[in-house]
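These notes concern the structure reproduced below.
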Amino acid sequence: MKAVVWHGKRDVRVDNVPDPAIQEPTDAIVRITSSGICGSDLHLYEVLGMFMTEGDILGHEPMGIVEEVGSGVTHIAKGDRVVIPFNISCGHCWMCDHQLYSQCETTQVREHEKGAALLGYTKLYGQVPGGQAEFLRVPQAHFGPIKVPHELPDERYVYLSDVLPTAWQAVEYAQIPDGGSVAVFGLGPIGQMCARIARHRGASKVFAIDLVAERMAMAGRHGIEVLDWNEHEDISDTLRVLTDGRGPDSVIDAVGMEAHGSEAGKFAQTAAGLLPDAVSQKLIDKGGVDRLSVIYAAFDAVRRGGTVSLSGVYGGSANPMNFMQMFDKQLTLKQGQANVKRWIEDLMPLVSDEADPLGVLDLATHKVSIDDAPHAYEIFQKKEDGAIKVLIAP
């Protein structure tokens, strides 16, 4: 089969690799019909390359048609259409019983002191082959796959794999008071949906901050009050002026480790990438080389007694805050990998609604064949050609 394979920094290729096969009774094989390129895939494309191995198959936002199931899988069958959550969860351990699916104790990657294994996301999270491929082996398929109807287009449902649950959780964790205000930093796919979901859930004022024209225009189409980072000397002061001098009730950081405006962090990331993997892994893991301009702005902007919700991925453990541990263990602040299946009951009616209240049909800017995936990674990483969200159709 064809798959999008990591070969090195800024070097992804489409290779022919062996078809996956059932290995455990709880496995399923899914023929992929759509798979997104996530902003966190771009971290692997460059900054976190030292945690990758040449030949790793990328992708953690897939959906498709079930081709085969193991003997322990009964809730889906051949021919069903399913979305695959990016976190691999068993559904029956203590963490899963408490709906902390991203901390599943069955798939937890204890070797690296991380939470649940993830599809297509580095040796830190299990090095499980990802879903930017023609076929995908789905572990823990007795629980994970989400069955969806056949009638509506993939764009209705594919974001249930990551984008929508991540954004919904970010808004939930933001604890926006009824009729309150929120500022969303970053208008990539997650930030776009955070802003829309916050409006849908009753926030009276939703501000969004970015510096890419196409992203700001998209948010504006959905009634979001957009602020251009480059046009404000101090974005926190601007937000206070717009919120009676206090700052917004809640702030969502939907950017993470590669924020603009952090030249020292950018230099550290670049320097780490030039070192041997064994050295750079320790530097990233222990030394703290995240770009922190956005999280610092979030802390500054939010009102006293407010909440900062963190959905953007951070990687360093001494930044000077230990962000890797805080993020991975979901400590407060409110933060962490999305517990995907926890939010599906809330989201399924919205994505199935003919009125499209979250605007899921206005998110993908590029739909490409798997052969064009390397170019799609390049334009997404460089923010070229208006690339906001890319879907790969194998």
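Going by the structure tokens order, chains are called A, B, ..., each with residues numbered from 1, while ligands are numbered from 1 in the order shown.
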Contacts of segment 150-165 of chain A within 8 Å, only C-alpha atoms, excl. fewer than 6 positions in-chain, as number ranges by chain: A: 33-36, 60-63, 81, 83-86, 189-190, 193, 338-341, 343-344, 347, 351-352, 360-361, 364
Residue neighbourhood segment 116-127 of chain A, 10 Å, only C-alpha atoms, exclusion window fewer than 4 positions, as number ranges by chain: A: 5, 40-41, 43-44, 48-53, 56-62, 84-90, 95, 100-112, 131-132, 136-139, 328, 337
File of the preceding selection, N, CA and C atoms, as a compact mmCIF listing (two decimals), in the first residue's frame:
# COMPACT_ATOMS: atom_id res chain seq x y z
N VAL A 5 5.43 8.62 4.69
CA VAL A 5 6.49 8.07 5.54
C VAL A 5 7.51 9.17 5.87
N SER A 40 0.08 19.39 14.77
CA SER A 40 1.10 18.68 15.55
C SER A 40 1.93 17.75 14.68
N ASP A 41 1.43 17.37 13.50
CA ASP A 41 2.28 16.65 12.54
C ASP A 41 3.46 17.52 12.10
N HIS A 43 5.11 19.49 13.96
CA HIS A 43 6.18 19.37 14.95
C HIS A 43 7.11 18.21 14.59
N LEU A 44 6.53 17.12 14.09
CA LEU A 44 7.33 15.95 13.69
C LEU A 44 8.12 16.27 12.41
N LEU A 48 10.43 18.04 16.35
CA LEU A 48 10.52 16.80 17.13
C LEU A 48 11.04 15.63 16.31
N GLY A 49 11.76 15.92 15.23
CA GLY A 49 12.27 14.86 14.37
C GLY A 49 13.20 13.88 15.08
N MET A 50 13.86 14.33 16.14
CA MET A 50 14.78 13.44 16.84
C MET A 50 14.06 12.29 17.55
N PHE A 51 12.74 12.39 17.69
CA PHE A 51 11.98 11.30 18.30
C PHE A 51 11.35 10.39 17.25
N MET A 52 11.64 10.63 15.98
CA MET A 52 11.12 9.82 14.89
C MET A 52 12.18 8.84 14.42
N THR A 53 11.73 7.81 13.73
CA THR A 53 12.62 6.84 13.09
C THR A 53 12.29 6.79 11.61
N ASP A 56 8.80 5.68 9.75
CA ASP A 56 7.56 5.84 10.51
C ASP A 56 6.44 6.36 9.59
N ILE A 57 5.27 5.75 9.70
CA ILE A 57 4.09 6.20 8.95
C ILE A 57 3.36 7.25 9.77
N LEU A 58 3.08 8.39 9.16
CA LEU A 58 2.49 9.53 9.83
C LEU A 58 0.97 9.48 9.82
N GLY A 59 0.37 10.35 10.64
CA GLY A 59 -1.06 10.60 10.56
C GLY A 59 -1.88 10.05 11.71
N HIS A 60 -2.71 10.94 12.29
CA HIS A 60 -3.55 10.49 13.40
C HIS A 60 -4.98 11.06 13.31
N GLU A 61 -5.42 11.41 12.10
CA GLU A 61 -6.77 11.93 11.94
C GLU A 61 -7.52 11.19 10.82
N PRO A 62 -7.64 9.87 10.94
CA PRO A 62 -8.19 9.10 9.81
C PRO A 62 -9.66 8.68 9.98
N ILE A 84 -11.54 7.14 13.41
CA ILE A 84 -10.60 6.56 14.36
C ILE A 84 -10.03 7.65 15.26
N PRO A 85 -10.30 7.62 16.58
CA PRO A 85 -9.68 8.58 17.48
C PRO A 85 -8.16 8.48 17.45
N PHE A 86 -7.51 9.62 17.66
CA PHE A 86 -6.05 9.60 17.58
C PHE A 86 -5.42 8.92 18.78
N ASN A 87 -6.10 8.95 19.95
CA ASN A 87 -5.53 8.22 21.08
C ASN A 87 -6.07 6.79 21.09
N ILE A 88 -5.20 5.85 21.44
CA ILE A 88 -5.53 4.42 21.41
C ILE A 88 -5.88 4.01 22.83
N SER A 89 -7.16 3.71 23.05
CA SER A 89 -7.67 3.50 24.39
C SER A 89 -8.44 2.19 24.47
N CYS A 90 -8.33 1.52 25.64
CA CYS A 90 -8.95 0.20 25.78
C CYS A 90 -10.40 0.26 26.17
N MET A 95 -8.36 4.53 34.09
CA MET A 95 -8.38 5.84 33.43
C MET A 95 -9.55 5.93 32.44
N LEU A 100 -10.77 9.41 31.02
CA LEU A 100 -9.45 9.99 30.72
C LEU A 100 -8.78 9.10 29.69
N TYR A 101 -9.37 9.06 28.50
CA TYR A 101 -8.95 8.10 27.49
C TYR A 101 -7.53 8.36 27.00
N SER A 102 -7.07 9.61 27.08
CA SER A 102 -5.70 9.91 26.65
C SER A 102 -4.67 9.45 27.67
N GLN A 103 -5.13 8.91 28.79
CA GLN A 103 -4.22 8.38 29.81
C GLN A 103 -4.40 6.87 29.98
N CYS A 104 -5.01 6.21 29.01
CA CYS A 104 -5.33 4.77 29.09
C CYS A 104 -4.16 3.96 29.66
N GLU A 105 -4.44 3.19 30.69
CA GLU A 105 -3.38 2.43 31.35
C GLU A 105 -2.99 1.17 30.58
N THR A 106 -3.83 0.74 29.66
CA THR A 106 -3.50 -0.43 28.85
C THR A 106 -2.47 -0.09 27.78
N THR A 107 -2.59 1.08 27.17
CA THR A 107 -1.67 1.45 26.09
C THR A 107 -0.64 2.49 26.52
N GLN A 108 -0.68 2.91 27.77
CA GLN A 108 0.25 3.91 28.28
C GLN A 108 1.70 3.55 27.93
N VAL A 109 2.46 4.54 27.46
CA VAL A 109 3.84 4.30 27.05
C VAL A 109 4.75 4.58 28.26
N ARG A 110 4.84 3.59 29.12
CA ARG A 110 5.56 3.78 30.39
C ARG A 110 7.06 3.97 30.19
N GLU A 111 7.59 3.40 29.12
CA GLU A 111 9.02 3.53 28.85
C GLU A 111 9.44 4.99 28.81
N HIS A 112 8.55 5.84 28.29
CA HIS A 112 8.87 7.26 28.16
C HIS A 112 8.04 8.12 29.12
N GLY A 131 -2.24 6.93 10.09
CA GLY A 131 -3.37 6.78 9.18
C GLY A 131 -3.28 7.56 7.89
N GLN A 132 -2.12 8.17 7.57
CA GLN A 132 -1.96 8.78 6.25
C GLN A 132 -1.46 7.69 5.32
N LEU A 136 -5.06 1.03 7.45
CA LEU A 136 -4.59 1.25 8.81
C LEU A 136 -4.99 0.07 9.69
N ARG A 137 -4.00 -0.44 10.42
CA ARG A 137 -4.32 -1.37 11.50
C ARG A 137 -4.70 -0.54 12.72
N VAL A 138 -5.89 -0.80 13.28
CA VAL A 138 -6.40 -0.06 14.42
C VAL A 138 -6.33 -0.95 15.66
N PRO A 139 -5.40 -0.69 16.58
CA PRO A 139 -5.39 -1.44 17.84
C PRO A 139 -6.57 -1.02 18.73
N ASP A 328 1.34 16.37 29.65
CA ASP A 328 1.09 14.95 29.50
C ASP A 328 0.21 14.39 30.61
N GLN A 337 -3.89 16.19 26.20
CA GLN A 337 -4.42 15.55 24.99
C GLN A 337 -5.92 15.34 25.14
Residue list (alpha helix (DSSP H), DSSP) for segment 113-263 of chain A, as a VMD selection string: chain A and resid 154 to 157 163 to 174 189 to 200 213 to 221 235 to 241 263
Writing out the chosen residues with N, CA and C atoms as a compact mmCIF listing (two decimals), in the first residue's frame:
# COMPACT_ATOMS: atom_id res chain seq x y z
N ASP A 154 -17.18 12.90 3.94
CA ASP A 154 -16.18 12.71 4.98
C ASP A 154 -15.96 13.97 5.81
N GLU A 155 -16.03 15.15 5.17
CA GLU A 155 -15.76 16.40 5.89
C GLU A 155 -16.72 16.61 7.06
N ARG A 156 -17.86 15.94 7.05
CA ARG A 156 -18.77 16.02 8.19
C ARG A 156 -18.20 15.34 9.43
N TYR A 157 -17.43 14.28 9.20
CA TYR A 157 -17.08 13.39 10.32
C TYR A 157 -15.59 13.27 10.62
N VAL A 163 -9.67 17.08 15.69
CA VAL A 163 -9.89 18.53 15.71
C VAL A 163 -11.07 18.92 16.61
N LEU A 164 -12.22 18.32 16.38
CA LEU A 164 -13.40 18.72 17.13
C LEU A 164 -13.34 18.32 18.61
N PRO A 165 -12.98 17.08 18.95
CA PRO A 165 -12.85 16.77 20.38
C PRO A 165 -11.79 17.61 21.07
N THR A 166 -10.67 17.89 20.40
CA THR A 166 -9.63 18.72 21.00
C THR A 166 -10.16 20.13 21.26
N ALA A 167 -10.87 20.70 20.30
CA ALA A 167 -11.40 22.04 20.47
C ALA A 167 -12.52 22.06 21.52
N TRP A 168 -13.38 21.06 21.50
CA TRP A 168 -14.48 21.00 22.48
C TRP A 168 -13.90 20.91 23.89
N GLN A 169 -12.91 20.05 24.07
CA GLN A 169 -12.29 19.91 25.38
C GLN A 169 -11.61 21.21 25.81
N ALA A 170 -10.95 21.88 24.86
CA ALA A 170 -10.29 23.16 25.19
C ALA A 170 -11.30 24.18 25.69
N VAL A 171 -12.48 24.23 25.07
CA VAL A 171 -13.52 25.16 25.50
C VAL A 171 -14.09 24.72 26.84
N GLU A 172 -14.33 23.43 27.00
CA GLU A 172 -14.80 22.90 28.28
C GLU A 172 -13.83 23.25 29.40
N TYR A 173 -12.54 23.02 29.15
CA TYR A 173 -11.52 23.30 30.15
C TYR A 173 -11.36 24.79 30.42
N ALA A 174 -11.72 25.63 29.46
CA ALA A 174 -11.60 27.07 29.63
C ALA A 174 -12.56 27.62 30.67
N PRO A 189 -6.54 24.97 12.59
CA PRO A 189 -7.81 24.23 12.67
C PRO A 189 -8.37 24.16 14.09
N ILE A 190 -7.52 23.91 15.09
CA ILE A 190 -8.02 23.81 16.46
C ILE A 190 -8.55 25.16 16.93
N GLY A 191 -7.78 26.22 16.71
CA GLY A 191 -8.23 27.54 17.13
C GLY A 191 -9.51 27.97 16.43
N GLN A 192 -9.61 27.67 15.13
CA GLN A 192 -10.86 27.99 14.41
C GLN A 192 -12.05 27.35 15.11
N MET A 193 -11.92 26.07 15.44
CA MET A 193 -13.04 25.36 16.04
C MET A 193 -13.26 25.76 17.50
N CYS A 194 -12.18 26.09 18.21
CA CYS A 194 -12.37 26.59 19.58
C CYS A 194 -13.24 27.84 19.56
N ALA A 195 -12.93 28.77 18.66
CA ALA A 195 -13.70 30.01 18.59
C ALA A 195 -15.16 29.75 18.24
N ARG A 196 -15.39 28.87 17.26
CA ARG A 196 -16.77 28.58 16.85
C ARG A 196 -17.54 27.87 17.96
N ILE A 197 -16.88 26.92 18.61
CA ILE A 197 -17.55 26.17 19.68
C ILE A 197 -17.84 27.09 20.86
N ALA A 198 -16.93 27.99 21.19
CA ALA A 198 -17.19 28.93 22.28
C ALA A 198 -18.42 29.78 21.99
N ARG A 199 -18.55 30.26 20.76
CA ARG A 199 -19.75 31.02 20.39
C ARG A 199 -20.99 30.14 20.48
N HIS A 200 -20.88 28.91 19.96
CA HIS A 200 -22.03 27.99 19.98
C HIS A 200 -22.47 27.72 21.42
N ALA A 213 -3.30 36.14 7.23
CA ALA A 213 -4.50 36.78 6.69
C ALA A 213 -5.61 35.78 6.40
N GLU A 214 -5.28 34.65 5.77
CA GLU A 214 -6.32 33.68 5.39
C GLU A 214 -7.00 33.09 6.62
N ARG A 215 -6.22 32.86 7.66
CA ARG A 215 -6.80 32.30 8.89
C ARG A 215 -7.74 33.31 9.54
N MET A 216 -7.31 34.56 9.57
CA MET A 216 -8.15 35.58 10.18
C MET A 216 -9.43 35.78 9.37
N ALA A 217 -9.33 35.71 8.06
CA ALA A 217 -10.52 35.86 7.22
C ALA A 217 -11.51 34.73 7.46
N MET A 218 -11.01 33.51 7.60
CA MET A 218 -11.90 32.38 7.86
C MET A 218 -12.65 32.57 9.18
N ALA A 219 -11.94 32.97 10.23
CA ALA A 219 -12.61 33.20 11.51
C ALA A 219 -13.64 34.32 11.41
N GLY A 220 -13.30 35.35 10.67
CA GLY A 220 -14.24 36.44 10.50
C GLY A 220 -15.54 36.01 9.85
N ARG A 221 -15.46 35.05 8.93
CA ARG A 221 -16.69 34.54 8.28
C ARG A 221 -17.65 33.90 9.28
N ILE A 235 -0.84 42.95 22.90
CA ILE A 235 -2.15 42.31 22.68
C ILE A 235 -2.92 42.18 23.99
N SER A 236 -2.22 42.01 25.10
CA SER A 236 -2.90 41.89 26.39
C SER A 236 -3.60 43.19 26.75
N ASP A 237 -2.93 44.32 26.52
CA ASP A 237 -3.57 45.61 26.78
C ASP A 237 -4.80 45.80 25.91
N THR A 238 -4.70 45.39 24.64
CA THR A 238 -5.85 45.50 23.75
C THR A 238 -7.03 44.69 24.26
N LEU A 239 -6.75 43.47 24.70
CA LEU A 239 -7.83 42.61 25.21
C LEU A 239 -8.44 43.20 26.48
N ARG A 240 -7.64 43.83 27.32
CA ARG A 240 -8.19 44.45 28.52
C ARG A 240 -9.10 45.62 28.16
N VAL A 241 -8.71 46.41 27.18
CA VAL A 241 -9.55 47.52 26.74
C VAL A 241 -10.91 47.01 26.26
N GLU A 263 11.99 34.35 19.49
CA GLU A 263 13.22 34.13 18.74
C GLU A 263 14.22 33.26 19.50
Which of segment 42-278 of chain A DSSP labels strand (DSSP E), written as a PyMOL selection string: chain A and resi 62-69+81-83+135-138+146-147+181-185+205-210+225-228+250-253
Would you write out those residues with N, CA and C atoms, as an mmCIF file, in the first residue's frame?
data_model
loop_
_atom_site.group_PDB
_atom_site.id
_atom_site.type_symbol
_atom_site.label_atom_id
_atom_site.label_comp_id
_atom_site.auth_asym_id
_atom_site.auth_seq_id
_atom_site.Cartn_x
_atom_site.Cartn_y
_atom_site.Cartn_z
ATOM 1 N N PRO A 62 -7.645 9.871 10.938
ATOM 2 C CA PRO A 62 -8.195 9.100 9.813
ATOM 3 C C PRO A 62 -9.661 8.684 9.979
ATOM 4 N N MET A 63 -10.279 8.388 8.861
ATOM 5 C CA MET A 63 -11.562 7.697 8.836
ATOM 6 C C MET A 63 -11.600 6.830 7.585
ATOM 7 N N GLY A 64 -12.520 5.878 7.573
ATOM 8 C CA GLY A 64 -12.606 5.004 6.409
ATOM 9 C C GLY A 64 -13.609 3.889 6.596
ATOM 10 N N ILE A 65 -13.411 2.825 5.832
ATOM 11 C CA ILE A 65 -14.334 1.687 5.786
ATOM 12 C C ILE A 65 -13.655 0.457 6.366
ATOM 13 N N VAL A 66 -14.345 -0.217 7.269
ATOM 14 C CA VAL A 66 -13.793 -1.416 7.901
ATOM 15 C C VAL A 66 -13.660 -2.527 6.871
ATOM 16 N N GLU A 67 -12.472 -3.098 6.785
ATOM 17 C CA GLU A 67 -12.203 -4.206 5.871
ATOM 18 C C GLU A 67 -12.191 -5.552 6.599
ATOM 19 N N GLU A 68 -11.764 -5.549 7.845
ATOM 20 C CA GLU A 68 -11.610 -6.798 8.587
ATOM 21 C C GLU A 68 -11.562 -6.475 10.076
ATOM 22 N N VAL A 69 -12.081 -7.370 10.906
ATOM 23 C CA VAL A 69 -11.993 -7.187 12.354
ATOM 24 C C VAL A 69 -11.495 -8.467 13.000
ATOM 25 N N ARG A 81 -18.620 2.277 8.230
ATOM 26 C CA ARG A 81 -17.847 3.509 8.064
ATOM 27 C C ARG A 81 -17.492 4.034 9.452
ATOM 28 N N VAL A 82 -16.216 4.306 9.690
ATOM 29 C CA VAL A 82 -15.777 4.651 11.040
ATOM 30 C C VAL A 82 -14.780 5.802 11.014
ATOM 31 N N VAL A 83 -14.764 6.553 12.120
ATOM 32 C CA VAL A 83 -13.725 7.529 12.420
ATOM 33 C C VAL A 83 -12.849 6.927 13.511
ATOM 34 N N PHE A 135 -4.331 1.923 4.034
ATOM 35 C CA PHE A 135 -4.954 1.044 5.023
ATOM 36 C C PHE A 135 -4.311 1.307 6.382
ATOM 37 N N LEU A 136 -5.061 1.028 7.447
ATOM 38 C CA LEU A 136 -4.595 1.251 8.812
ATOM 39 C C LEU A 136 -4.985 0.074 9.694
ATOM 40 N N ARG A 137 -3.998 -0.440 10.420
ATOM 41 C CA ARG A 137 -4.321 -1.375 11.505
ATOM 42 C C ARG A 137 -4.701 -0.543 12.723
ATOM 43 N N VAL A 138 -5.889 -0.799 13.275
ATOM 44 C CA VAL A 138 -6.403 -0.063 14.423
ATOM 45 C C VAL A 138 -6.326 -0.950 15.657
ATOM 46 N N ILE A 146 -15.356 4.927 15.895
ATOM 47 C CA ILE A 146 -16.654 5.592 16.042
ATOM 48 C C ILE A 146 -17.440 5.369 14.757
ATOM 49 N N LYS A 147 -18.539 4.658 14.840
ATOM 50 C CA LYS A 147 -19.330 4.359 13.655
ATOM 51 C C LYS A 147 -20.125 5.608 13.243
ATOM 52 N N SER A 181 -16.474 35.913 28.360
ATOM 53 C CA SER A 181 -15.600 36.241 27.240
ATOM 54 C C SER A 181 -14.429 35.279 27.194
ATOM 55 N N VAL A 182 -13.915 35.082 25.992
ATOM 56 C CA VAL A 182 -12.763 34.202 25.793
ATOM 57 C C VAL A 182 -11.908 34.747 24.658
ATOM 58 N N ALA A 183 -10.608 34.606 24.808
ATOM 59 C CA ALA A 183 -9.673 34.927 23.731
ATOM 60 C C ALA A 183 -8.985 33.642 23.304
ATOM 61 N N VAL A 184 -8.953 33.398 22.007
ATOM 62 C CA VAL A 184 -8.311 32.213 21.445
ATOM 63 C C VAL A 184 -7.062 32.666 20.704
ATOM 64 N N PHE A 185 -5.911 32.186 21.157
ATOM 65 C CA PHE A 185 -4.652 32.486 20.475
ATOM 66 C C PHE A 185 -4.372 31.381 19.459
ATOM 67 N N LYS A 205 -18.513 37.196 24.090
ATOM 68 C CA LYS A 205 -17.423 37.827 23.361
ATOM 69 C C LYS A 205 -16.367 36.765 23.070
ATOM 70 N N VAL A 206 -16.080 36.570 21.776
ATOM 71 C CA VAL A 206 -15.044 35.627 21.364
ATOM 72 C C VAL A 206 -14.030 36.391 20.522
ATOM 73 N N PHE A 207 -12.829 36.526 21.051
ATOM 74 C CA PHE A 207 -11.738 37.169 20.331
ATOM 75 C C PHE A 207 -10.783 36.087 19.844
ATOM 76 N N ALA A 208 -10.186 36.310 18.693
ATOM 77 C CA ALA A 208 -9.199 35.367 18.178
ATOM 78 C C ALA A 208 -8.003 36.140 17.664
ATOM 79 N N ILE A 209 -6.814 35.654 17.995
ATOM 80 C CA ILE A 209 -5.578 36.357 17.680
ATOM 81 C C ILE A 209 -4.723 35.503 16.762
ATOM 82 N N ASP A 210 -4.293 36.069 15.651
ATOM 83 C CA ASP A 210 -3.409 35.378 14.716
ATOM 84 C C ASP A 210 -2.665 36.437 13.922
ATOM 85 N N GLU A 225 -14.478 37.948 16.472
ATOM 86 C CA GLU A 225 -13.779 39.229 16.469
ATOM 87 C C GLU A 225 -12.280 38.945 16.423
ATOM 88 N N VAL A 226 -11.666 39.278 15.287
ATOM 89 C CA VAL A 226 -10.281 38.894 15.028
ATOM 90 C C VAL A 226 -9.343 40.053 15.314
ATOM 91 N N LEU A 227 -8.221 39.739 15.985
ATOM 92 C CA LEU A 227 -7.175 40.717 16.254
ATOM 93 C C LEU A 227 -5.886 40.240 15.607
ATOM 94 N N ASP A 228 -5.249 41.123 14.839
ATOM 95 C CA ASP A 228 -3.985 40.811 14.179
ATOM 96 C C ASP A 228 -2.845 41.093 15.154
ATOM 97 N N SER A 250 -11.527 33.905 30.064
ATOM 98 C CA SER A 250 -10.782 32.693 29.729
ATOM 99 C C SER A 250 -9.904 32.963 28.523
ATOM 100 N N VAL A 251 -8.791 32.248 28.460
ATOM 101 C CA VAL A 251 -7.914 32.303 27.297
ATOM 102 C C VAL A 251 -7.572 30.878 26.892
ATOM 103 N N ILE A 252 -7.613 30.614 25.589
ATOM 104 C CA ILE A 252 -7.242 29.310 25.050
ATOM 105 C C ILE A 252 -5.980 29.474 24.212
ATOM 106 N N ASP A 253 -4.948 28.721 24.560
ATOM 107 C CA ASP A 253 -3.715 28.675 23.761
ATOM 108 C C ASP A 253 -3.853 27.499 22.799
#
Length of the atom CA of Ser204 of chain A to atom CA of Lys389 of chain A vector [Å]: 26.8 Å
Distance criterion (only C-alpha atoms): nearest to Met348 of chain A out of A:Gln175, A:Gly306, A:Pro149, A:Trp229: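 Going through A:Gln175, A:Gly306, A:Pro149, A:Trp229 one by one, the smallest distance to Met348 of chain A is for A:Pro149.
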Using only C-alpha atoms: which of A:Ala297, A:Gly70, A:Gly312, A:Gly55 has the shortest distance to Asp234 of chain A: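 For Asp234 of chain A, the nearest of the candidates is A:Ala297.
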Distance in Å - atom CA of Cys38 of chain A versus atom CA of Gly8 of chain A: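 Computing the Euclidean distance for atom CA of Cys38 of chain A and atom CA of Gly8 of chain A yields 17.7 Å.
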Nearest candidate to Ile379 of chain A (options A:Gln325, A:Arg10, A:Glu24, A:His75; using only C-alpha atoms):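 Of A:Gln325, A:Arg10, A:Glu24, A:His75, the one nearest Ile379 of chain A is A:Arg10, counting only C-alpha atoms.
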